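Reproduced below: data_5.cif, with mmCIF, C-alpha atoms.
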```
data_protein
loop_
_atom_site.label_atom_id
_atom_site.label_comp_id
_atom_site.auth_asym_id
_atom_site.auth_seq_id
_atom_site.Cartn_x
_atom_site.Cartn_y
_atom_site.Cartn_z
CA MET A 6 133.51 57.08 96.25
CA ALA A 7 134.69 56.93 99.84
CA GLY A 8 133.01 53.56 100.42
CA SER A 9 134.55 52.08 97.29
CA ALA A 10 137.99 53.42 98.22
CA GLN A 11 137.71 52.08 101.76
CA ALA A 12 136.74 48.62 100.48
CA THR A 13 139.74 48.58 98.12
CA VAL A 14 142.15 49.68 100.86
CA ALA A 15 140.76 46.97 103.16
CA LEU A 16 141.14 44.35 100.42
CA TYR A 17 144.65 45.39 99.31
CA PRO A 18 146.68 46.85 102.21
CA ASP A 19 149.63 47.75 99.95
CA ALA A 20 150.38 48.21 96.26
CA ALA A 21 152.30 44.92 96.01
CA ALA A 22 149.24 42.97 97.20
CA ALA A 23 147.08 44.71 94.60
CA LEU A 24 149.49 44.47 91.67
CA THR A 25 149.62 40.69 91.43
CA PRO A 26 145.88 40.05 90.86
CA LEU A 27 145.13 43.38 89.13
CA ARG A 28 148.01 43.72 86.64
CA ALA A 29 146.37 41.61 83.90
CA ILE A 30 142.96 43.16 84.49
CA LEU A 31 144.27 46.74 84.35
CA ALA A 32 146.10 46.02 81.08
CA ASN A 33 142.78 45.21 79.36
CA PRO A 34 142.04 47.88 76.68
CA ALA A 35 138.28 47.55 77.25
CA LEU A 36 138.73 48.41 80.92
CA THR A 37 140.96 51.34 79.98
CA ALA A 38 138.28 52.60 77.59
CA LEU A 39 135.61 52.26 80.26
CA TYR A 40 137.41 53.72 83.31
CA GLY A 41 140.58 55.34 81.98
CA PRO A 42 144.17 54.32 82.69
CA VAL A 43 145.70 53.69 86.09
CA THR A 44 148.19 56.51 86.45
CA SER A 45 150.32 55.11 89.24
CA GLU A 46 150.91 51.85 91.04
CA SER A 47 149.75 52.95 94.49
CA VAL A 48 146.93 51.82 96.74
CA ASP A 49 145.31 55.26 96.42
CA SER A 50 145.33 54.96 92.64
CA PHE A 51 143.75 51.50 92.76
CA ALA A 52 141.22 52.70 95.35
CA THR A 53 139.93 55.52 93.15
CA PHE A 54 140.49 53.95 89.73
CA LYS A 55 136.86 53.12 88.89
CA THR A 56 135.22 56.01 90.72
CA ILE A 57 137.20 58.94 89.29
CA LEU A 58 135.67 58.80 85.82
CA THR A 59 132.37 57.19 86.75
CA GLY A 60 131.80 59.76 89.49
CA ALA A 61 132.71 62.62 87.15
CA VAL A 62 130.17 61.40 84.58
CA PHE A 63 127.46 61.16 87.25
CA LEU A 64 128.37 64.64 88.48
CA CYS A 65 128.00 65.94 84.92
CA LEU A 66 124.58 64.28 84.80
CA LEU A 67 123.65 65.98 88.08
CA ALA A 68 124.72 69.37 86.69
CA TYR A 69 122.75 68.72 83.51
CA VAL A 70 119.59 67.68 85.39
CA VAL A 71 119.68 70.68 87.73
CA VAL A 72 120.24 73.27 84.99
CA ARG A 73 117.77 71.74 82.52
CA ARG A 74 115.12 71.34 85.21
CA HIS A 75 115.33 75.00 86.19
CA THR A 76 115.46 76.38 82.64
CA ARG A 77 113.69 74.52 79.82
CA THR A 78 111.52 72.25 81.98
CA GLU A 79 110.22 75.22 83.99
CA GLU A 80 109.50 77.09 80.78
CA GLU A 81 107.65 74.16 79.21
CA GLU A 82 105.48 73.80 82.31
CA GLY A 83 104.52 77.48 82.16
CA ARG A 84 106.08 78.61 85.43
CA PHE A 85 108.42 81.10 83.77
CA GLU A 86 105.45 83.11 82.55
CA LEU A 87 104.19 83.38 86.12
CA LEU A 88 107.61 84.50 87.32
CA GLY A 89 108.00 86.84 84.36
CA ALA A 90 104.82 88.65 85.38
CA GLY A 91 106.59 89.69 88.58
CA ALA A 92 109.55 91.98 89.09
CA ILE A 93 112.41 89.72 88.00
CA GLY A 94 114.76 90.14 85.09
CA ARG A 95 114.75 88.04 81.92
CA ARG A 96 118.02 86.36 82.79
CA ALA A 97 117.17 85.59 86.42
CA PRO A 98 115.93 82.01 85.81
CA LEU A 99 119.09 81.06 83.90
CA ALA A 100 121.31 82.73 86.50
CA ALA A 101 119.48 80.89 89.29
CA ALA A 102 119.80 77.54 87.47
CA VAL A 103 123.53 78.06 86.88
CA LEU A 104 124.02 79.11 90.50
CA LEU A 105 122.12 76.07 91.81
CA GLY A 106 124.05 73.75 89.46
CA THR A 107 127.33 75.29 90.62
CA VAL A 108 126.43 74.84 94.29
CA ALA A 109 125.45 71.20 93.65
CA VAL A 110 128.77 70.51 91.88
CA LEU A 111 130.91 72.27 94.49
CA GLY A 112 129.06 70.58 97.37
CA THR A 113 129.44 67.13 95.83
CA ALA A 114 133.14 67.65 95.10
CA LEU A 115 133.77 68.95 98.62
CA LEU A 116 132.01 65.97 100.22
CA THR A 117 133.97 63.61 97.95
CA THR A 118 137.28 65.22 98.89
CA VAL A 119 136.51 65.10 102.60
CA GLY A 120 135.31 61.48 102.29
CA ALA A 121 138.48 60.43 100.47
CA ILE A 122 140.69 62.02 103.12
CA ALA A 123 138.55 60.50 105.89
CA VAL A 124 139.10 56.94 104.61
CA GLY A 125 142.87 57.47 104.60
CA LEU A 126 143.71 58.46 101.03
CA ALA A 127 146.48 61.01 100.50
CA ARG A 128 145.37 64.61 100.99
CA THR A 129 146.95 65.86 97.75
CA GLY A 130 145.36 63.15 95.62
CA SER A 131 142.00 63.63 97.32
CA ILE A 132 142.08 67.36 96.60
CA ALA A 133 143.10 66.66 92.99
CA LEU A 134 140.14 64.29 92.69
CA GLY A 135 137.79 66.98 93.99
CA VAL A 136 139.23 69.58 91.62
CA ALA A 137 138.86 67.21 88.65
CA TRP A 138 135.22 66.66 89.54
CA VAL A 139 134.65 70.42 89.93
CA VAL A 140 136.10 71.06 86.47
CA MET A 141 133.92 68.37 84.87
CA GLY A 142 130.78 69.37 86.75
CA LEU A 143 131.11 73.09 86.08
CA THR A 144 131.84 72.38 82.44
CA TRP A 145 128.50 70.60 82.17
CA VAL A 146 126.72 73.36 84.06
CA GLY A 147 127.96 75.64 81.28
CA VAL A 148 127.26 73.20 78.44
CA THR A 149 123.69 72.68 79.67
CA ALA A 150 123.13 76.41 80.15
CA VAL A 151 124.25 77.05 76.57
CA ALA A 152 122.12 74.14 75.34
CA ALA A 153 119.10 75.60 77.12
CA GLN A 154 119.64 78.88 75.27
CA LEU A 155 120.20 77.29 71.86
CA THR A 156 117.23 74.94 71.97
CA GLU A 157 113.52 75.49 72.44
CA THR A 158 112.60 72.34 74.36
CA ALA A 159 113.83 70.28 77.29
CA ARG A 160 114.26 67.38 74.87
CA GLY A 161 116.48 69.50 72.61
CA THR A 162 118.53 70.56 75.62
CA ALA A 163 118.91 66.91 76.58
CA GLY A 164 120.05 65.97 73.09
CA PHE A 165 122.63 68.74 72.98
CA ALA A 166 124.03 68.36 76.53
CA LEU A 167 123.93 64.56 76.74
CA GLY A 168 125.22 64.22 73.20
CA ALA A 169 128.17 66.42 74.12
CA LEU A 170 128.81 64.29 77.22
CA ALA A 171 128.68 61.07 75.19
CA LEU A 172 131.02 62.54 72.59
CA ALA A 173 133.47 63.73 75.27
CA TYR A 174 133.42 60.29 76.91
CA LEU A 175 134.00 58.58 73.56
CA MET A 176 136.88 60.90 72.65
CA ARG A 177 138.46 60.29 76.07
CA ALA A 178 138.06 56.52 75.70
CA LEU A 179 139.64 56.54 72.24
CA GLY A 180 142.50 58.71 73.47
CA ASP A 181 143.17 56.50 76.48
CA VAL A 182 143.18 53.32 74.43
CA ALA A 183 145.33 54.89 71.68
CA ALA A 184 147.81 56.11 74.31
CA ASP A 185 148.66 52.47 75.00
CA ASP A 186 149.88 52.12 71.41
CA SER A 187 152.21 55.12 71.49
CA PRO A 188 155.80 54.69 72.67
CA SER A 189 156.76 55.76 76.17
CA PRO A 190 158.77 59.00 76.56
CA SER A 191 161.94 57.04 77.35
CA ALA A 192 161.47 54.87 74.23
CA HIS A 193 160.92 58.01 72.17
CA LEU A 194 164.14 59.56 73.45
CA ALA A 195 166.07 56.37 72.68
CA LEU A 196 164.75 56.34 69.11
CA THR A 197 165.37 60.03 68.41
CA PRO A 198 168.90 60.68 67.01
CA GLY A 199 171.00 62.85 69.24
CA LEU A 200 168.64 62.55 72.22
CA GLY A 201 169.01 58.89 73.35
#
```
Represent the supplied structure as structure tokens.
Amino acid sequence: MAGSAQATVALYPDAAAALTPLRAILANPALTALYGPVTSESVDSFATFKTILTGAVFLCLLAYVVVRRHTRTEEEEGRFELLGAGAIGRRAPLAAAVLLGTVAVLGTALLTTVGAIAVGLARTGSIALGVAWVVMGLTWVGVTAVAAQLTETARGTAGFALGALALAYLMRALGDVAADDSPSPSAHLALTPGLG
């Protein structure tokens, strides 16, 4: 994320330089469905435009892989039975997988935030980016943990967790594209009797 942001800042030193070539591209509904909308016309916004959503999806995949690997995959390979013969509780493997997934998500988000600040992006926006990634990543730690409890195989866990991620991405894409068709708040106020 930091490398992509740094390349964008080097290419477009200010928002005016970026707006001219990017305005038509950013108005494309397919691009909005893929990456989400650009929320402001600033260099920081352009610098993180593609990596906010893409990075969040990859972080969700990391959370999914870590939790599934240390729950269903371990069970299918027979290692849980070996651990269960010792003095550990029944819920210890799930708790360890959730803890490891949480640490992976928090570490990745922290490195991303520090990297964004290091390349010169605004501190507030960089922290907001890190928080957004934490929310997405921890959500998929939880989704995968629930999937591992509801299914009997690693494949079933994959179907449940990755299906939920695909559905969430699709719903977000549809919402972002549909938002372009709805009137702006100022247009709504002008059309509402007594408010415009």
Exercise. Would you write out, as an MDAnalysis selection string, every residue that the PyMOL selection byres ((chain A and resi 102) around 10) captures in this file?
Key: chainID A and resid 68 71:76 97:101 103:108 146 149:150
Quiz prompt | Which residue of A:Ile122, A:Ala169, A:Cys65, A:Ala38 approaches A:Thr53 most closely, using all atoms listed in the file | solution =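 Of all the options, A:Ile122 lies closest to A:Thr53.
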Practice problem: Find, counting all atoms listed in the file, the residue in A:Leu116, A:Ala133, A:Leu64, A:Val148 that gets nearest to A:Thr162. | Solution: A:Val148
Where is the centre and how long are the edges: axis-aligned box on stretch 105-118 of chain A, 5 Å on each side, Å to one decimal, as JSON:
```
{"center_x": 129.7, "center_y": 69.8, "center_z": 94.8, "size_x": 25.2, "size_y": 22.5, "size_z": 20.8}
```
Quiz item: atom CA of A:Pro34 to atom CA of A:Thr129: how many Å, to one decimal?
Solution: 28.1 Å
Quiz item: How many Å lie between atom CA of A:Val70 and atom CA of A:Leu134, rounded to one decimal?
Solution: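 Between atom CA of A:Val70 and atom CA of A:Leu134 the gap works out to 22.1 Å.
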Quiz item: If we count all atoms listed in the file, what is near A:Ala159 at a cut-off of 10 Å, once residues fewer than 2 positions away on the same chain are taken out, given as an MDAnalysis selection string?
Solution: chainID A and resid 73:74 76:81 152:153 156:157 161:165
Could those residues be written to a file, using C-alpha atoms, as a short mmCIF file (atom, residue, chain, number, x, y, z; two decimals), in the frame of the given file?
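So the final result, stored in selection26.cif, reads:
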```cif
data_model
loop_
_atom_site.label_atom_id
_atom_site.label_comp_id
_atom_site.auth_asym_id
_atom_site.auth_seq_id
_atom_site.Cartn_x
_atom_site.Cartn_y
_atom_site.Cartn_z
CA ARG A 73 117.77 71.74 82.52
CA ARG A 74 115.12 71.34 85.21
CA THR A 76 115.46 76.38 82.64
CA ARG A 77 113.69 74.52 79.82
CA THR A 78 111.52 72.25 81.98
CA GLU A 79 110.22 75.22 83.99
CA GLU A 80 109.50 77.09 80.78
CA GLU A 81 107.65 74.16 79.21
CA ALA A 152 122.12 74.14 75.34
CA ALA A 153 119.10 75.60 77.12
CA THR A 156 117.23 74.94 71.97
CA GLU A 157 113.52 75.49 72.44
CA GLY A 161 116.48 69.50 72.61
CA THR A 162 118.53 70.56 75.62
CA ALA A 163 118.91 66.91 76.58
CA GLY A 164 120.05 65.97 73.09
CA PHE A 165 122.63 68.74 72.98
#
```
Practice problem: For atom CA of A:Glu46 and atom CA of A:Met6, determine how far apart the two atoms are, in Å to one decimal place. | Solution: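 Here the two named atoms are 18.9 Å from each other.
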